[in-house]
Amino acid sequence: MNTSFIVLGGGIIGLACALELRLRGAAVTVLEAETCGGQASGAAAGMLAPYSENPESPDEFFRLCRESLDLYPNWQQRIRELSGIDFEYTESGSLYAAYHEADLLALESRLRWQRQHGSSGELLRGAALVSAEPGLSRQVVAALRTPEERHVYAPDLVGALIAACLNAGVLIREQLGKLELAAWERGVEVRAAGDSGEAVFQADQLVICTGAWAGHLPSELGLELPVHPIRGQICAYPWDTRQAGTEPVRHMIFSSQGYLVQKANGTLVCGASEDVAGFDTSVTERGIARLLRWNRSVLPALEDRQPIHRWAGLRPATLDGRPLIGRLSRAERVILAAGHYRNGILLAPATAKLVADLAQGREAEPWQQAFRPERFHRQTVHRP
Ligand code: GLY
């Protein structure tokens with residue numbers, strides 16, 4: 001591809017798009033106002049769980065998540081080869097726990113449609129459940145096991161993607177401060193006005209991947225894009241399975257209240273609250289206390305433990321819960337890829353593929369129109 005791109009935003013989506021564009025032959029520069037992976041990507045629990053995170057129906061969003069899961073084995077392999085960095089790609093499978101007999105009907109109907117869409121899931125009860133996950137509370141009456149679900153260690157995946165991008169020839173500029181879109185009609189120009197002075201970047205095309213901040217820049221384009229931050233508070237317990245008395249948690253464990261994921265670095269990551277706090281990433285006693293109560297109802301062994309880390313990230317949410325991926329009809333040099341809400345880590349490969357396809361002039365498929373960025377459109381037209 002004989003085209004140059006600026007990718008705005010060095011989170012997992014921006015880095016994945018940059019790498020894919022570069023591997024298809026484009027010249028790519030990533031511009032990041034602060035630090036790559038410093039927001040939602042680095043804060044994520046790293047779950048690749050389209051079935052557990054989207055339990056309602058096999059809609060377009062589920063299809064994108066499912067296709068991205070299918071891309072993951074080759075995608076992560078390529079990143080490991082390009083970067084030489086491991087990020088704990090773990091094929092653990094998951095359990096979705098039910099606490100009441102009344103919840104079983106819902107689990108059974110979910111299992112029926114998910115089996116038609118690539119899951120080899122099964123409903124576990126009694127001795128089968130205890131043997132699958134011995135540490136699980138006996139309050140859990142049944143669980144839906146989905147062997148296809150996996151996880152990665154998100155901060156290391158971001159590190160690997162940065163290294164893969166650099167090794168493939170992507171330029172990455174961080175700590176740029178406020179970024180402004182100065183031109184987008186005959187060519188793209190982005191101006192940075194950080195502490196280290198002004199800098200101007202030019203390219204043929206622009207990909208906006210600024211996560212929860214995605215609503216800001218396109219307003220310069222005369223577009224209102226309703227992306228807003230939803231805070232997720234998360235904590236990690238020490239859970240070193242080499243120590244006597246600490247049994248490995250074999251699966252990712254979900255319920256309607258949260259999730260638990262065993263990491264190879266000897267921690268058990270537990271998330272996550274959902275609250276509206278603007279761009280505030282502090283943790284609150286209330287948010288973490290709710291998680292701790294739920295955690296103990298899943299794994300009684302947590303009664304005697306306290307988390308060693310607590311943090312929060314801002315999920316980029318849209319009005320319909322679906323990401324915004326597509327070329328802007330009002331600014332044809334601009335492609336948007338943002339608003340991935342709870343599924344940015346999972347959706348990175350499918351988003352990068354779709355963005356690179358659009359960049360090469362291919363049309364989105366009819367079902368992918370569900371992610372058209374201008375679907376909520378109220379617009380006024382500004383000219384540079
Ligand atoms: N995907 C998990 C979360 O957003 O908390």
# chains A, B, ... in the order shown; residues from 1 in each chain; ligands from 1
$ select_by_dssp --residues "stretch 80-212 of chain A" --states "strand (DSSP E)" --output "PyMOL selection string"
chain A and resi 94-98+122-124+142-146+150-151+171-173+179-183+188-194+197-203+205-208
$ residues_around --residues "stretch 282-288 of chain A" --least-positions-apart "3" --cutoff "8 Å" --atoms "only C-alpha atoms" --output "list in words"
Gln233, Ile234, Cys235, Ser273, Leu291, Leu292, Arg310, Trp311 and Ala312 of chain A
$ closest_residue --among "A:Trp294, A:Phe376, A:Phe279, A:Trp213" --to "A:Tyr99" --atoms "only C-alpha atoms"
A:Trp294
$ select_by_dssp --residues "stretch 209-348 of chain A" --states "alpha helix (DSSP H)" --output "list in words"
Glu285, Arg286, Gly287, Ile288, Ala289, Arg290, Leu291, Leu292, Arg293, Trp294, Asn295, Arg296, Ser297, Val298, Gly344, Ile345, Leu346, Leu347 and Ala348 of chain A
$ closest_residue --among "A:Arg115, A:His377, A:Arg80, A:Arg125" --to "A:Glu101" --atoms "only C-alpha atoms"
A:Arg125
$ atom_distance --atom1 "atom CA of A:Val158" --atom2 "atom CA of A:Arg290"
28.7 Å
$ residues_near_ligand --ligand "ligand 1" --cutoff "10 Å" --atoms "only C-alpha atoms and all ligand atoms" --output "ChimeraX atom specification"
/A:40-41,43-50,52-53,230-234,258-259,270-274,312-316,340-346
$ atom_distance --atom1 "atom CA of A:Asp195" --atom2 "atom CA of A:Gly211"
22.8 Å
$ closest_residue --among "A:Ala26, A:Pro55, A:Asp156, A:Gln76" --to "A:Arg110" --atoms "only C-alpha atoms"
A:Pro55
$ atom_distance --atom1 "atom CA of A:Ile85" --atom2 "atom CA of A:Ala160"
5.4 Å
$ closest_residue --among "A:Leu21, A:Ala143, A:Ala289, A:Leu71" --to "A:Phe254" --atoms "only C-alpha atoms"
A:Ala143
$ closest_residue --among "A:Pro373, A:Gly266, A:Pro300, A:Pro323" --to "A:Leu347" --atoms "only C-alpha atoms"
A:Pro323
$ closest_residue --among "A:Leu171, A:Ala18, A:Leu157, A:Leu176" --to "A:Phe87" --atoms "only C-alpha atoms"
A:Leu157
$ residues_around --residues "stretch 328-334 of chain A" --least-positions-apart "4" --cutoff "9 Å" --atoms "only C-alpha atoms" --output "list in words"
Trp184, Glu185, Arg186, Gly187, Val188, Asp204, Gln205, Leu206, Val207, Ile208, Leu221, Gly222, Leu223, Arg372, Pro373, Glu374 and Val381 of chain A
$ write_last_selection --atoms "N, CA and C atoms" --output "CSV table (one decimal), in the first residue's frame"
chain,number,residue,atom,x,y,z
A,184,TRP,N,-7.5,18.1,6.9
A,184,TRP,CA,-7.9,16.7,6.6
A,184,TRP,C,-8.5,16.6,5.2
A,185,GLU,N,-8.5,17.7,4.4
A,185,GLU,CA,-9.1,17.6,3.1
A,185,GLU,C,-8.2,17.2,2.0
A,186,ARG,N,-7.1,18.0,1.7
A,186,ARG,CA,-6.2,17.6,0.7
A,186,ARG,C,-5.1,16.7,1.2
A,187,GLY,N,-5.0,16.6,2.5
A,187,GLY,CA,-4.0,15.8,3.2
A,187,GLY,C,-4.2,16.0,4.6
A,188,VAL,N,-3.6,15.2,5.5
A,188,VAL,CA,-3.8,15.2,6.9
A,188,VAL,C,-2.7,15.9,7.6
A,204,ASP,N,-1.1,11.0,4.3
A,204,ASP,CA,-2.2,11.0,3.4
A,204,ASP,C,-3.5,10.8,4.1
A,205,GLN,N,-3.5,9.9,5.1
A,205,GLN,CA,-4.7,9.5,5.8
A,205,GLN,C,-4.5,9.4,7.3
A,206,LEU,N,-5.7,9.4,8.0
A,206,LEU,CA,-5.6,9.4,9.4
A,206,LEU,C,-6.5,8.3,10.0
A,207,VAL,N,-6.1,7.6,11.0
A,207,VAL,CA,-6.9,6.7,11.7
A,207,VAL,C,-7.0,7.2,13.2
A,208,ILE,N,-8.2,7.4,13.6
A,208,ILE,CA,-8.4,7.9,15.0
A,208,ILE,C,-8.8,6.8,15.9
A,221,LEU,N,-14.1,18.1,13.1
A,221,LEU,CA,-14.6,17.7,11.8
A,221,LEU,C,-16.1,18.0,11.6
A,222,GLY,N,-16.7,18.6,12.6
A,222,GLY,CA,-18.1,18.9,12.5
A,222,GLY,C,-19.0,17.7,12.9
A,223,LEU,N,-18.4,16.7,13.6
A,223,LEU,CA,-19.1,15.5,13.9
A,223,LEU,C,-19.2,15.4,15.5
A,372,ARG,N,-20.8,1.6,11.7
A,372,ARG,CA,-20.6,2.9,11.0
A,372,ARG,C,-20.5,4.1,12.0
A,373,PRO,N,-19.4,4.8,12.0
A,373,PRO,CA,-19.2,5.9,13.1
A,373,PRO,C,-20.3,6.9,13.0
A,374,GLU,N,-20.9,7.2,11.9
A,374,GLU,CA,-21.9,8.3,11.8
A,374,GLU,C,-23.3,7.8,12.0
A,381,VAL,N,-21.1,21.2,9.6
A,381,VAL,CA,-19.9,21.1,8.8
A,381,VAL,C,-19.0,22.2,9.0
$ residues_around --residues "stretch 28-35 of chain A" --least-positions-apart "2" --cutoff "7 Å" --atoms "only C-alpha atoms" --output "MDAnalysis selection string"
chainID A and resid 4:10 18 22 26 37:38 170:179
$ write_last_selection --atoms "N, CA, C and O atoms" --output "PDB file, in the first residue's frame"
ATOM      1  N   SER A   4       0.610   6.959   3.194  1.00  0.00           N
ATOM      2  CA  SER A   4       1.109   7.195   4.558  1.00  0.00           C
ATOM      3  C   SER A   4      -0.067   7.458   5.495  1.00  0.00           C
ATOM      4  O   SER A   4      -1.075   8.058   5.095  1.00  0.00           O
ATOM      5  N   PHE A   5       0.071   6.977   6.725  1.00  0.00           N
ATOM      6  CA  PHE A   5      -0.994   7.100   7.724  1.00  0.00           C
ATOM      7  C   PHE A   5      -0.454   7.686   9.017  1.00  0.00           C
ATOM      8  O   PHE A   5       0.645   7.331   9.459  1.00  0.00           O
ATOM      9  N   ILE A   6      -1.265   8.540   9.628  1.00  0.00           N
ATOM     10  CA  ILE A   6      -1.067   8.874  11.026  1.00  0.00           C
ATOM     11  C   ILE A   6      -2.123   8.098  11.797  1.00  0.00           C
ATOM     12  O   ILE A   6      -3.309   8.112  11.431  1.00  0.00           O
ATOM     13  N   VAL A   7      -1.698   7.383  12.835  1.00  0.00           N
ATOM     14  CA  VAL A   7      -2.647   6.726  13.740  1.00  0.00           C
ATOM     15  C   VAL A   7      -2.621   7.531  15.031  1.00  0.00           C
ATOM     16  O   VAL A   7      -1.566   7.667  15.669  1.00  0.00           O
ATOM     17  N   LEU A   8      -3.755   8.070  15.398  1.00  0.00           N
ATOM     18  CA  LEU A   8      -3.844   8.842  16.638  1.00  0.00           C
ATOM     19  C   LEU A   8      -4.251   7.913  17.759  1.00  0.00           C
ATOM     20  O   LEU A   8      -5.336   7.317  17.703  1.00  0.00           O
ATOM     21  N   GLY A   9      -3.412   7.795  18.778  1.00  0.00           N
ATOM     22  CA  GLY A   9      -3.746   6.955  19.919  1.00  0.00           C
ATOM     23  C   GLY A   9      -2.914   5.690  19.939  1.00  0.00           C
ATOM     24  O   GLY A   9      -2.951   4.906  18.997  1.00  0.00           O
ATOM     25  N   GLY A  10      -2.151   5.515  21.018  1.00  0.00           N
ATOM     26  CA  GLY A  10      -1.256   4.358  21.143  1.00  0.00           C
ATOM     27  C   GLY A  10      -1.772   3.343  22.129  1.00  0.00           C
ATOM     28  O   GLY A  10      -0.998   2.734  22.867  1.00  0.00           O
ATOM     29  N   ALA A  18      -1.949   0.186  13.456  1.00  0.00           N
ATOM     30  CA  ALA A  18      -0.664   0.635  12.895  1.00  0.00           C
ATOM     31  C   ALA A  18       0.131  -0.550  12.365  1.00  0.00           C
ATOM     32  O   ALA A  18       0.688  -0.502  11.254  1.00  0.00           O
ATOM     33  N   ARG A  22       1.105  -1.229   8.447  1.00  0.00           N
ATOM     34  CA  ARG A  22       2.537  -1.315   8.101  1.00  0.00           C
ATOM     35  C   ARG A  22       2.846  -2.636   7.392  1.00  0.00           C
ATOM     36  O   ARG A  22       3.573  -2.675   6.395  1.00  0.00           O
ATOM     37  N   ALA A  26       2.139   0.157   4.177  1.00  0.00           N
ATOM     38  CA  ALA A  26       1.982   1.604   4.354  1.00  0.00           C
ATOM     39  C   ALA A  26       3.104   2.179   5.230  1.00  0.00           C
ATOM     40  O   ALA A  26       3.727   1.452   6.012  1.00  0.00           O
ATOM     41  N   GLY A  37      -0.522   2.663  25.682  1.00  0.00           N
ATOM     42  CA  GLY A  37      -1.098   1.676  26.607  1.00  0.00           C
ATOM     43  C   GLY A  37      -1.363   2.231  27.987  1.00  0.00           C
ATOM     44  O   GLY A  37      -1.656   1.469  28.925  1.00  0.00           O
ATOM     45  N   GLY A  38      -1.288   3.552  28.139  1.00  0.00           N
ATOM     46  CA  GLY A  38      -1.424   4.150  29.473  1.00  0.00           C
ATOM     47  C   GLY A  38      -2.854   4.266  29.961  1.00  0.00           C
ATOM     48  O   GLY A  38      -3.095   4.629  31.111  1.00  0.00           O
ATOM     49  N   VAL A 170       7.162   0.917  12.085  1.00  0.00           N
ATOM     50  CA  VAL A 170       6.210   1.978  12.456  1.00  0.00           C
ATOM     51  C   VAL A 170       6.971   3.003  13.305  1.00  0.00           C
ATOM     52  O   VAL A 170       7.764   2.632  14.176  1.00  0.00           O
ATOM     53  N   LEU A 171       6.712   4.292  13.066  1.00  0.00           N
ATOM     54  CA  LEU A 171       7.272   5.331  13.944  1.00  0.00           C
ATOM     55  C   LEU A 171       6.292   5.577  15.073  1.00  0.00           C
ATOM     56  O   LEU A 171       5.078   5.676  14.826  1.00  0.00           O
ATOM     57  N   ILE A 172       6.772   5.648  16.296  1.00  0.00           N
ATOM     58  CA  ILE A 172       5.880   5.915  17.433  1.00  0.00           C
ATOM     59  C   ILE A 172       6.391   7.156  18.149  1.00  0.00           C
ATOM     60  O   ILE A 172       7.569   7.219  18.532  1.00  0.00           O
ATOM     61  N   ARG A 173       5.511   8.142  18.304  1.00  0.00           N
ATOM     62  CA  ARG A 173       5.871   9.353  19.048  1.00  0.00           C
ATOM     63  C   ARG A 173       4.932   9.476  20.243  1.00  0.00           C
ATOM     64  O   ARG A 173       3.718   9.524  20.077  1.00  0.00           O
ATOM     65  N   GLU A 174       5.510   9.510  21.452  1.00  0.00           N
ATOM     66  CA  GLU A 174       4.705   9.585  22.675  1.00  0.00           C
ATOM     67  C   GLU A 174       4.922  10.931  23.366  1.00  0.00           C
ATOM     68  O   GLU A 174       5.765  11.717  22.968  1.00  0.00           O
ATOM     69  N   GLN A 175       4.156  11.148  24.432  1.00  0.00           N
ATOM     70  CA  GLN A 175       4.283  12.354  25.277  1.00  0.00           C
ATOM     71  C   GLN A 175       4.154  13.627  24.448  1.00  0.00           C
ATOM     72  O   GLN A 175       4.881  14.595  24.648  1.00  0.00           O
ATOM     73  N   LEU A 176       3.206  13.638  23.520  1.00  0.00           N
ATOM     74  CA  LEU A 176       3.090  14.795  22.619  1.00  0.00           C
ATOM     75  C   LEU A 176       2.177  15.877  23.167  1.00  0.00           C
ATOM     76  O   LEU A 176       2.080  16.952  22.592  1.00  0.00           O
ATOM     77  N   GLY A 177       1.460  15.583  24.246  1.00  0.00           N
ATOM     78  CA  GLY A 177       0.517  16.584  24.774  1.00  0.00           C
ATOM     79  C   GLY A 177      -0.694  16.691  23.864  1.00  0.00           C
ATOM     80  O   GLY A 177      -1.011  15.781  23.098  1.00  0.00           O
ATOM     81  N   LYS A 178      -1.338  17.825  23.928  1.00  0.00           N
ATOM     82  CA  LYS A 178      -2.585  17.990  23.173  1.00  0.00           C
ATOM     83  C   LYS A 178      -2.340  17.880  21.667  1.00  0.00           C
ATOM     84  O   LYS A 178      -1.423  18.495  21.122  1.00  0.00           O
ATOM     85  N   LEU A 179      -3.166  17.071  21.010  1.00  0.00           N
ATOM     86  CA  LEU A 179      -3.028  16.872  19.561  1.00  0.00           C
ATOM     87  C   LEU A 179      -4.206  17.523  18.852  1.00  0.00           C
ATOM     88  O   LEU A 179      -5.356  17.298  19.243  1.00  0.00           O
TER      89      LEU A 179
END
$ residues_around --residues "A:Gly93" --least-positions-apart "3" --cutoff "9 Å" --atoms "only C-alpha atoms" --output "ChimeraX atom specification"
/A:49,90,145-151,250-252
